[in-house]
Each structure stands twice: as C-alpha cells, then as structure tokens.
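Participant: What follows is a single structure, and I will ask about it in a moment.
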Amino acid sequence: MKRCFILALSLLFATACERNSYTLYSRRYHVSFTCDMAVSPYNQLSTPGRFISIRKIKSDNECKLHMVDSDGAKFDQELDARQDALFDLGLCGLIMGTPLFDNDSFSVWAFDLGCPECDQADVRLSFDQQGNASCSKCGGIWALNTDGVSTNGKKRPLFRYPVACNNGVLTVAN
Ligand SMILES: [Zn+2]
C-alpha cells in the first residue's frame, strides 16, 4: 500500500515537472483599465508595431496616468477619484499596442510593464521602436511584436492580459 502511494506521488511529480508552458493570460496581478482609442495617445494603439506604456503615478495632491510611446514621447492624463478607484494596472503598469506578427486580426494586446523574471513592482521594462522590451536589472529582452516571448533565453513570457474592444473603447481586465 505504502509502495503504491509513493509510486503515485512520484508519478504526480513527474507530470508536474513536465508542465513547462504558461497560460495565455496572467491572473497573477489584477488589471482593470479602459480608454478611448479616438483620443491621443491611445489613437496610436491601432497602428501595428507601435506600443505605449501606461502607468499610474500617485502623490498627495495628484493622481495621473503617465504614458510613453514608441518614440519616447511622454503624455500625462489627470485621473479623477472614480478613475483612480477603477484603474488597476497589474504589477507595474501596462504596455499596449498591436503586434505585427501572430496577430491575424490586428487586435490590441496588453502586456505588463513589469519584468516577468524579476517580478518586482519597481522593475519596469523599457522598449524601443522595434518593439524590443528590455529589463535593465536581469538583462532579459522580450519581443512585443511576437507574443511577448523572450529573445535571449528567459523562460517566462511577458505577463499578458485580455483586451476587449467595443465601439472604439478598449477594456483590459482579468
Ligand atoms: Zn528583469
């Protein structure tokens, strides 16, 4: 009986070790965000290959969204109390855009701005015009245009979140 139990246990471990893939959408950190794609800078989101980082900055007297596009241009959007309560941006913030590859419907994708390897709230990725997102702490590089997979051997893909589009209004939520 005891031998059976050990056998079952080792089979269980063997199966668990084989499971080496990650789920399509991350539920590790909560995300709730909405924006109007007709309004700048969100109007860039429908252009394939362009990305915007979005994060929330809060101080005693203001709450705003800080955004940076593929060219490095910066945008700020003041948030009222309702938006502040509604918007929750994952680990560090979001990187949103329309990937060039593996994206037949040219839909908008949302990744976390946080590094999936470092997994810390103060370790944010930066990205260039080619859509390479990189982490200055661990050296990881991920391709925003190709599923958010690492191009230099990091195991975890970027955290990705579901996006819905309704009459030009984008919603990211998990
Ligand atoms: Zn990292």
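Starting from 1 in every chain, residues are counted up; chains themselves are A, B, ... following the order of the structure tokens, and ligands are numbered from 1 as listed.
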Produce as a PyMOL selection string the set of residues near ligand 1, where near means within 7 Å with only C-alpha atoms and all ligand atoms considered.
Facilitator: chain A and resi 115-118+123+135-140
Participant: Using DSSP on the backbone coordinates, identify all residues within stretch 73-103 of chain A classified as helix (DSSP H, G or I); present the result as a PyMOL selection string.
Facilitator: chain A and resi 81-86
Participant: Within 9 Å of stretch 145-153 of chain A, counting only C-alpha atoms, which residues qualify if same-chain residues fewer than 6 places away don't, as a list of chain:residue names?
Facilitator: A:Pro48, A:Gly49, A:Arg50, A:Gly97, A:Thr98, A:Pro99, A:Leu100, A:Phe101, A:Asp102, A:Asn103, A:Phe111, A:Gln130, A:Gly131, A:Asn132, A:Ala133, A:Gly139, A:Phe159, A:Arg160
Participant: Skipping near chain neighbours, those fewer than 5 positions away, what residues fall within 8 Å of A:Leu94 using only C-alpha atoms, listed as a ChimeraX atom specification?
Facilitator: /A:53-55,89,110-114
Participant: Those same residues - N, CA and C atoms - I'd like them written as a PDB file, in the first residue's frame.
Facilitator:
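Dumped everything to out_33.pdb:
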ATOM      1  N   SER A  53       3.493  52.618 -23.172  1.00  0.00           N
ATOM      2  CA  SER A  53       3.491  52.168 -21.777  1.00  0.00           C
ATOM      3  C   SER A  53       2.593  53.101 -20.981  1.00  0.00           C
ATOM      4  N   ILE A  54       1.879  52.534 -20.036  1.00  0.00           N
ATOM      5  CA  ILE A  54       0.917  53.294 -19.239  1.00  0.00           C
ATOM      6  C   ILE A  54       1.121  52.917 -17.775  1.00  0.00           C
ATOM      7  N   ARG A  55       1.380  53.911 -16.947  1.00  0.00           N
ATOM      8  CA  ARG A  55       1.423  53.591 -15.518  1.00  0.00           C
ATOM      9  C   ARG A  55       0.791  54.693 -14.698  1.00  0.00           C
ATOM     10  N   LEU A  89      -3.410  48.602 -12.571  1.00  0.00           N
ATOM     11  CA  LEU A  89      -2.558  48.328 -13.735  1.00  0.00           C
ATOM     12  C   LEU A  89      -1.511  47.236 -13.502  1.00  0.00           C
ATOM     13  N   ALA A 110      -2.264  43.600 -24.544  1.00  0.00           N
ATOM     14  CA  ALA A 110      -1.789  44.285 -23.339  1.00  0.00           C
ATOM     15  C   ALA A 110      -0.830  43.379 -22.575  1.00  0.00           C
ATOM     16  N   PHE A 111       0.376  43.887 -22.336  1.00  0.00           N
ATOM     17  CA  PHE A 111       1.363  43.191 -21.504  1.00  0.00           C
ATOM     18  C   PHE A 111       1.563  43.993 -20.225  1.00  0.00           C
ATOM     19  N   ASP A 112       2.164  43.355 -19.228  1.00  0.00           N
ATOM     20  CA  ASP A 112       2.538  44.113 -18.037  1.00  0.00           C
ATOM     21  C   ASP A 112       3.844  44.835 -18.311  1.00  0.00           C
ATOM     22  N   LEU A 113       3.972  46.037 -17.751  1.00  0.00           N
ATOM     23  CA  LEU A 113       5.201  46.817 -17.878  1.00  0.00           C
ATOM     24  C   LEU A 113       6.297  46.252 -16.972  1.00  0.00           C
ATOM     25  N   GLY A 114       5.910  45.346 -16.089  1.00  0.00           N
ATOM     26  CA  GLY A 114       6.864  44.750 -15.160  1.00  0.00           C
ATOM     27  C   GLY A 114       7.625  43.601 -15.800  1.00  0.00           C
TER      28      GLY A 114
END
Participant: Among stretch 107-171 of chain A, which ones does DSSP place in strand (DSSP E), written as JSON, numbers by chain?
Facilitator: {"A": [109, 110, 111, 112, 126, 127, 132, 133, 134, 141, 142, 143, 149, 150, 160, 161, 163, 164, 165, 166, 169, 170, 171]}
Participant: Skip A:Ala85 itself and residues of its chain fewer than 4 positions away, then list as an mmCIF file with N, CA and C atoms, in the first residue's frame all residues within 12 Å of it, counting only C-alpha atoms.
Facilitator:
data_model
loop_
_atom_site.group_PDB
_atom_site.id
_atom_site.type_symbol
_atom_site.label_atom_id
_atom_site.label_comp_id
_atom_site.auth_asym_id
_atom_site.auth_seq_id
_atom_site.Cartn_x
_atom_site.Cartn_y
_atom_site.Cartn_z
ATOM 1 N N VAL A 31 -5.860 43.513 -13.087
ATOM 2 C CA VAL A 31 -5.847 44.606 -14.059
ATOM 3 C C VAL A 31 -7.262 45.052 -14.368
ATOM 4 N N SER A 32 -7.462 46.364 -14.369
ATOM 5 C CA SER A 32 -8.734 46.959 -14.766
ATOM 6 C C SER A 32 -8.419 48.317 -15.373
ATOM 7 N N PHE A 33 -8.674 48.444 -16.682
ATOM 8 C CA PHE A 33 -8.321 49.685 -17.364
ATOM 9 C C PHE A 33 -9.218 49.868 -18.582
ATOM 10 N N LYS A 56 0.393 54.321 -13.496
ATOM 11 C CA LYS A 56 -0.309 55.269 -12.623
ATOM 12 C C LYS A 56 0.693 55.860 -11.646
ATOM 13 N N LYS A 58 0.922 58.326 -8.334
ATOM 14 C CA LYS A 58 0.070 58.912 -7.294
ATOM 15 C C LYS A 58 0.930 59.658 -6.290
ATOM 16 N N CYS A 63 -3.164 62.531 -8.993
ATOM 17 C CA CYS A 63 -3.149 61.160 -9.452
ATOM 18 C C CYS A 63 -3.255 61.221 -10.967
ATOM 19 N N LYS A 64 -2.292 60.606 -11.646
ATOM 20 C CA LYS A 64 -2.307 60.710 -13.102
ATOM 21 C C LYS A 64 -1.820 59.424 -13.755
ATOM 22 N N LEU A 79 -6.257 61.906 -13.426
ATOM 23 C CA LEU A 79 -7.336 60.969 -13.097
ATOM 24 C C LEU A 79 -8.203 61.544 -11.990
ATOM 25 N N ASP A 80 -9.521 61.409 -12.157
ATOM 26 C CA ASP A 80 -10.396 61.805 -11.046
ATOM 27 C C ASP A 80 -10.519 60.612 -10.078
ATOM 28 N N ALA A 81 -11.215 60.837 -8.982
ATOM 29 C CA ALA A 81 -11.281 59.817 -7.928
ATOM 30 C C ALA A 81 -11.930 58.521 -8.439
ATOM 31 N N LEU A 89 -3.410 48.602 -12.571
ATOM 32 C CA LEU A 89 -2.558 48.328 -13.735
ATOM 33 C C LEU A 89 -1.511 47.236 -13.502
#
Participant: Tell me which of A:His30, A:Arg82, A:His66, A:Arg156 sits closest to A:Asp119, counting only C-alpha atoms.
Facilitator: A:Arg156
